[in-house]
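Engineer: Hey, dropping protein.cif in here, mmCIF, C-alpha atoms:
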data_model
loop_
_atom_site.label_atom_id
_atom_site.label_comp_id
_atom_site.auth_asym_id
_atom_site.auth_seq_id
_atom_site.Cartn_x
_atom_site.Cartn_y
_atom_site.Cartn_z
CA VAL A 1 231.92 -185.33 67.65
CA ALA A 2 229.23 -187.46 69.29
CA ILE A 3 226.06 -185.81 70.58
CA VAL A 4 224.89 -187.60 73.73
CA ALA A 5 222.03 -186.99 76.14
CA HIS A 6 218.99 -188.39 77.89
CA VAL A 7 216.00 -189.15 75.68
CA ASP A 8 214.12 -186.06 74.38
CA HIS A 9 216.80 -183.58 75.44
CA GLY A 10 217.14 -182.33 71.86
CA LYS A 11 220.02 -184.12 70.10
CA THR A 12 218.41 -184.82 66.73
CA THR A 13 216.75 -181.39 66.58
CA LEU A 14 220.14 -179.74 67.16
CA VAL A 15 221.63 -181.77 64.30
CA ASP A 16 218.80 -180.52 62.07
CA GLN A 17 219.81 -176.94 62.78
CA LEU A 18 223.52 -177.70 62.26
CA LEU A 19 222.75 -179.13 58.83
CA LYS A 20 220.62 -176.12 57.90
CA GLN A 21 222.96 -173.40 59.18
CA SER A 22 226.07 -175.01 57.68
CA GLY A 23 224.58 -174.68 54.20
CA THR A 24 224.43 -178.44 53.68
CA PHE A 25 221.07 -178.01 51.95
CA SER A 26 220.25 -175.50 49.25
CA GLU A 27 217.38 -173.05 49.68
CA ARG A 28 215.19 -175.16 47.40
CA THR A 29 215.79 -178.40 49.28
CA VAL A 30 212.70 -179.62 51.10
CA THR A 31 213.71 -180.65 54.62
CA THR A 32 211.79 -182.32 57.43
CA GLU A 33 212.15 -182.35 61.19
CA ARG A 34 214.40 -185.01 62.73
CA MET A 35 216.19 -185.65 59.43
CA MET A 36 218.63 -188.10 61.02
CA ASP A 37 215.78 -190.37 62.19
CA SER A 38 215.49 -192.08 58.81
CA ASN A 39 214.49 -195.52 60.07
CA ASP A 40 210.76 -196.33 59.72
CA LEU A 41 210.49 -197.35 63.37
CA GLU A 42 212.22 -194.14 64.45
CA LYS A 43 209.74 -192.06 62.46
CA GLU A 44 206.83 -193.99 63.96
CA ARG A 45 208.00 -193.73 67.58
CA GLY A 46 209.58 -190.28 67.33
CA ILE A 47 212.84 -191.34 69.00
CA THR A 48 216.36 -192.14 67.82
CA ILE A 49 217.10 -195.87 67.86
CA LEU A 50 220.22 -196.20 65.69
CA SER A 51 223.35 -194.06 65.85
CA LYS A 52 223.97 -192.22 62.58
CA ASN A 53 226.77 -190.08 61.26
CA THR A 54 226.83 -187.04 59.04
CA ALA A 55 229.35 -184.36 58.16
CA ILE A 56 229.12 -180.60 57.82
CA ARG A 57 231.52 -177.95 56.57
CA TRP A 58 231.82 -174.86 58.73
CA LYS A 59 233.82 -171.67 58.33
CA SER A 60 235.57 -170.32 61.41
CA PRO A 61 235.56 -166.56 62.17
CA ASP A 62 238.97 -166.28 60.46
CA GLY A 63 237.52 -167.74 57.26
CA GLU A 64 239.13 -171.18 57.44
CA GLU A 65 236.84 -174.08 56.49
CA TYR A 66 236.59 -177.22 58.60
CA ARG A 67 234.91 -180.58 58.05
CA ILE A 68 233.21 -181.75 61.24
CA ASN A 69 231.89 -185.29 61.51
CA ILE A 70 228.86 -185.57 63.79
CA VAL A 71 227.32 -188.70 65.28
CA ASP A 72 223.72 -188.54 66.50
CA THR A 73 223.09 -191.12 69.22
CA PRO A 74 220.00 -192.60 70.90
CA GLY A 75 218.96 -191.25 74.28
CA HIS A 76 216.71 -194.12 75.36
CA ALA A 77 218.25 -196.53 77.85
CA ASP A 78 217.22 -199.56 75.76
CA PHE A 79 219.67 -198.51 73.05
CA GLY A 80 222.67 -197.70 75.24
CA GLY A 81 224.78 -200.22 73.32
CA GLU A 82 224.50 -198.03 70.24
CA VAL A 83 225.99 -195.10 72.18
CA GLU A 84 228.81 -197.15 73.65
CA ARG A 85 229.78 -198.56 70.26
CA VAL A 86 230.12 -195.24 68.41
CA LEU A 87 231.97 -193.38 71.17
CA SER A 88 235.10 -195.24 70.07
CA MET A 89 234.89 -193.18 66.84
CA ALA A 90 234.69 -189.77 68.52
CA ASP A 91 237.28 -187.21 69.64
CA GLY A 92 234.83 -185.41 71.94
CA VAL A 93 231.19 -185.22 72.96
CA LEU A 94 228.45 -182.62 73.20
CA LEU A 95 226.52 -183.43 76.37
CA LEU A 96 223.03 -181.98 76.00
CA VAL A 97 221.04 -181.38 79.17
CA ASP A 98 217.46 -180.09 79.30
CA ALA A 99 217.40 -176.68 81.03
CA ALA A 100 214.30 -177.70 83.00
CA GLU A 101 214.83 -181.41 83.72
CA GLY A 102 218.56 -181.30 84.38
CA PRO A 103 220.75 -184.45 84.39
CA MET A 104 218.72 -187.66 84.14
CA PRO A 105 219.68 -191.37 84.49
CA GLN A 106 220.75 -191.74 80.87
CA THR A 107 222.79 -188.53 81.18
CA ARG A 108 224.88 -190.30 83.80
CA PHE A 109 225.24 -193.41 81.62
CA VAL A 110 226.41 -191.65 78.45
CA LEU A 111 228.74 -189.33 80.36
CA GLN A 112 230.32 -192.27 82.17
CA LYS A 113 230.92 -194.00 78.82
CA ALA A 114 232.45 -190.80 77.43
CA PHE A 115 234.86 -190.67 80.38
CA THR A 116 235.75 -194.33 79.80
CA HIS A 117 236.88 -193.35 76.29
CA HIS A 118 238.74 -190.29 77.69
CA LEU A 119 236.67 -187.89 75.59
CA LYS A 120 236.57 -184.13 76.09
CA PRO A 121 233.01 -182.96 76.91
CA ILE A 122 231.24 -179.74 76.01
CA VAL A 123 228.11 -179.17 78.11
CA VAL A 124 225.14 -177.73 76.22
CA VAL A 125 222.22 -176.55 78.37
CA ASN A 126 219.42 -176.90 75.84
CA LYS A 127 215.83 -175.62 75.76
CA ILE A 128 216.50 -172.48 77.80
CA ASP A 129 213.43 -170.96 76.14
CA LYS A 130 211.19 -173.18 78.29
CA PRO A 131 209.13 -171.22 80.86
CA GLU A 132 210.33 -173.55 83.62
CA ALA A 133 214.00 -173.42 82.57
CA ARG A 134 216.58 -173.14 85.36
CA PRO A 135 219.89 -173.17 83.45
CA GLN A 136 222.24 -172.04 86.22
CA GLU A 137 220.98 -174.69 88.64
CA VAL A 138 221.33 -177.32 85.91
CA VAL A 139 224.99 -176.38 85.35
CA ASN A 140 225.64 -176.90 89.08
CA GLU A 141 223.90 -180.28 88.91
CA VAL A 142 226.03 -181.27 85.93
CA PHE A 143 229.19 -180.26 87.79
CA ASP A 144 228.12 -182.43 90.73
CA LEU A 145 227.58 -185.31 88.30
CA PHE A 146 231.10 -184.86 86.91
CA ILE A 147 232.50 -184.99 90.45
CA ASP A 148 230.43 -188.09 91.23
CA LEU A 149 231.84 -189.84 88.13
CA ASP A 150 235.45 -189.03 89.14
CA ALA A 151 236.15 -186.68 86.23
CA ASN A 152 239.76 -185.54 85.95
CA ASP A 153 240.85 -181.91 86.08
CA ASP A 154 240.79 -181.52 82.30
CA GLN A 155 237.26 -182.92 82.07
CA LEU A 156 236.06 -180.75 84.95
CA ASP A 157 237.19 -177.67 83.04
CA PHE A 158 234.33 -178.09 80.59
CA PRO A 159 232.94 -175.25 78.48
CA VAL A 160 229.22 -174.49 78.87
CA LEU A 161 226.83 -173.17 76.24
CA TYR A 162 223.20 -172.15 76.63
CA GLY A 163 220.59 -172.12 73.92
CA SER A 164 217.79 -173.76 72.03
CA GLY A 165 218.40 -176.40 69.40
CA ARG A 166 214.91 -175.95 68.02
CA GLU A 167 215.34 -172.19 67.60
CA GLY A 168 218.89 -172.63 66.29
CA TYR A 169 221.02 -170.54 68.65
CA MET A 170 223.69 -171.08 71.30
CA LYS A 171 225.58 -168.57 73.46
CA ARG A 172 228.37 -168.56 76.01
CA THR A 173 226.45 -166.62 78.68
CA LEU A 174 222.78 -166.21 79.50
CA GLU A 175 223.08 -162.43 79.12
CA GLU A 176 224.12 -162.56 75.46
CA PRO A 177 221.43 -161.95 72.82
CA ALA A 178 220.27 -164.99 70.85
CA GLY A 179 222.03 -165.37 67.51
CA ASP A 180 222.94 -168.58 65.70
CA LEU A 181 225.02 -171.73 66.30
CA GLN A 182 228.40 -170.06 65.67
CA PRO A 183 229.35 -170.05 69.41
CA LEU A 184 228.77 -173.82 69.57
CA MET A 185 230.91 -174.44 66.50
CA ASN A 186 233.65 -172.19 67.88
CA ALA A 187 233.62 -174.25 71.08
CA ILE A 188 233.98 -177.48 69.08
CA LEU A 189 236.93 -176.08 67.11
CA ASP A 190 238.59 -174.65 70.25
CA ASP A 191 237.99 -177.38 72.81
CA ILE A 192 237.73 -180.71 71.00
CA PRO A 193 241.05 -181.99 69.62
CA ALA A 194 241.34 -182.64 65.91
CA PRO A 195 241.92 -186.28 64.95
CA GLY A 196 245.52 -187.36 64.58
CA PHE A 197 246.67 -190.03 62.11
CA ASP A 198 249.67 -191.32 60.19
CA GLU A 199 248.87 -191.30 56.47
CA GLY A 200 251.94 -193.41 55.70
CA SER A 201 250.83 -196.29 57.92
CA PRO A 202 248.83 -199.28 56.67
CA LEU A 203 245.07 -198.78 56.61
CA GLN A 204 243.57 -199.06 60.09
CA TYR A 205 239.77 -198.83 59.94
CA LEU A 206 237.49 -199.43 62.92
CA VAL A 207 234.03 -200.66 61.91
CA SER A 208 231.41 -199.58 64.44
CA ASN A 209 228.24 -200.51 62.59
CA ILE A 210 226.98 -202.55 59.63
CA ASP A 211 224.22 -201.16 57.43
CA TYR A 212 222.48 -202.46 54.32
CA ASP A 213 221.36 -200.75 51.15
CA ASP A 214 219.25 -202.39 48.44
CA TYR A 215 221.50 -200.87 45.76
CA VAL A 216 225.05 -201.37 47.08
CA GLY A 217 224.51 -204.20 49.60
CA ARG A 218 226.28 -204.30 52.94
CA ILE A 219 227.90 -201.10 54.19
CA ALA A 220 230.58 -200.91 56.88
CA VAL A 221 230.35 -197.67 58.86
CA GLY A 222 233.42 -196.69 60.83
CA ARG A 223 236.46 -194.47 61.16
CA VAL A 224 239.89 -194.44 59.55
CA PHE A 225 242.49 -194.19 62.33
CA ASN A 226 245.61 -194.58 60.18
CA GLY A 227 246.52 -194.86 56.52
CA ALA A 228 244.23 -193.83 53.69
CA ILE A 229 241.43 -195.25 51.59
CA ALA A 230 240.06 -193.95 48.30
CA GLU A 231 236.77 -194.31 46.47
CA GLY A 232 236.75 -197.43 44.30
CA GLN A 233 239.67 -199.01 46.17
CA SER A 234 239.36 -202.71 47.02
CA VAL A 235 240.11 -203.63 50.62
CA LEU A 236 240.58 -207.10 52.03
CA LEU A 237 239.43 -207.73 55.60
CA VAL A 238 241.15 -210.53 57.50
CA LYS A 239 241.53 -211.49 61.13
CA HIS A 240 245.02 -211.51 62.58
CA GLY A 241 246.33 -215.08 62.81
CA GLY A 242 244.34 -218.28 62.57
CA ARG A 243 243.14 -220.34 59.61
CA GLN A 244 241.22 -217.50 58.03
CA VAL A 245 244.43 -215.77 56.95
CA VAL A 246 245.72 -218.99 55.39
CA ASN A 247 242.47 -219.46 53.49
CA VAL A 248 242.55 -215.87 52.25
CA VAL A 249 246.15 -216.24 51.03
CA LYS A 250 245.16 -219.41 49.15
CA GLN A 251 242.25 -217.53 47.61
CA LEU A 252 244.56 -214.71 46.50
CA LEU A 253 246.91 -217.21 44.85
CA VAL A 254 243.97 -218.74 42.99
CA TYR A 255 242.82 -215.31 41.80
CA LYS A 256 246.34 -214.50 40.66
CA ALA A 257 246.58 -217.77 38.73
CA LEU A 258 243.28 -216.97 37.03
CA GLY A 259 244.52 -213.51 36.05
CA ARG A 260 242.05 -211.64 38.27
CA GLU A 261 243.35 -208.13 38.89
CA ARG A 262 240.88 -207.03 41.54
CA VAL A 263 239.85 -208.93 44.61
CA ARG A 264 236.69 -207.93 46.46
#
Please re-express this file's structure in structure tokens.
Structural biologist:
Amino acid sequence: VAIVAHVDHGKTTLVDQLLKQSGTFSERTVTTERMMDSNDLEKERGITILSKNTAIRWKSPDGEEYRINIVDTPGHADFGGEVERVLSMADGVLLLVDAAEGPMPQTRFVLQKAFTHHLKPIVVVNKIDKPEARPQEVVNEVFDLFIDLDANDDQLDFPVLYGSGREGYMKRTLEEPAGDLQPLMNAILDDIPAPGFDEGSPLQYLVSNIDYDDYVGRIAVGRVFNGAIAEGQSVLLVKHGGRQVVNVVKQLLVYKALGRERVR
């Protein structure tokens, strides 16, 4: 699930609350605001620059536990490429809209990209605790934006939630009392399709980003679409066709002749 919005509409703050309410951290864990903004430049500027993924486990009302992968995306127009790249990993999007500002230019951009990837949207009217909030008007403006972007019938039938990411609550109607984020999670489980895959197929892994860690080196961040991969398993990456495959096959034969069991 990708969280998309205009800059400062509350994406990273909502992720903070999702991590806290899902029990990801113990009571003794010291947490900070905007936990997903781990980059030094992000901390300095107070905005999200790089898309980042995390995962939470959430129990549904019937007691069944789900693993939900969440991608926090930048809202600033300068980093729109980050949003576009990670949407290929998602099954649906949470479109956050400020209850006072309404849809903004970047709202249009990220929603258009979500439609390009045929993703199911859930509209979240955030910051309804603002004195100048006008949530019902904002929903109408969002609907007009969907029409303007030629949304299909399924996309136009979007669920709407109202709440405050900072205060940690969402609700289906404005009249409901404020509680927690359970209504939002129920909407994700009900309205966003679960990923489908064929475990018996060869490994098909889409890399969306490359990271680096001083301890492990280069890290490929992406999504498994088919097949399976296990911790400690060695995987060989080759391009289809061309000389690179021939060179890799030669390398494998050399390794085999030398008695090397594992190829990295």
Engineer: What would the selection look like, as a ChimeraX atom specification, if the PyMOL selection byres ((chain A and resi 5) around 6) were run on the coordinates I just shared?
Structural biologist: /A:4,6,75,95-96,107
Engineer: Point out the residue among A:Ala2, A:Thr173, A:Gly63, A:Asp213 with the least atom-to-atom distance to Val110 in chain A, counting all atoms listed in the file.
Structural biologist: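 With all atoms listed in the file as the atom set, the closest residue is A:Ala2.
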Engineer: Mind pulling up the distance from CA of Asn126 in chain A to CA of Asp91 in chain A?
Structural biologist: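 We find that CA of Asp91 in chain A and CA of Asn126 in chain A lie 21.5 Å from each other.
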Engineer: Between CA of Leu94 in chain A and CA of Glu137 in chain A, what is the distance, to one decimal in Å?
Structural biologist: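 Computing it gives 18.9 Å between the two atoms.
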Engineer: Rank A:Leu203, A:Ile70, A:Val15, A:Met89 by their smallest atom-to-atom distance to Ala230 in chain A, using only C-alpha atoms, and report the top residue only.
Structural biologist: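 With only C-alpha atoms as the atom set, the closest residue is A:Leu203.
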Engineer: For a test of reading the model, state the distance in Å between CA of Tyr66 in chain A and CA of Ile219 in chain A, rounded to one decimal.
Structural biologist: 25.8 Å
Engineer: For Asn226 in chain A, which of A:Gly179, A:Gly102, A:Gly23, A:Pro202 is the closest residue, counting all atoms listed in the file?
Structural biologist: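 Using all atoms listed in the file, the shortest distance to Asn226 in chain A belongs to A:Pro202.
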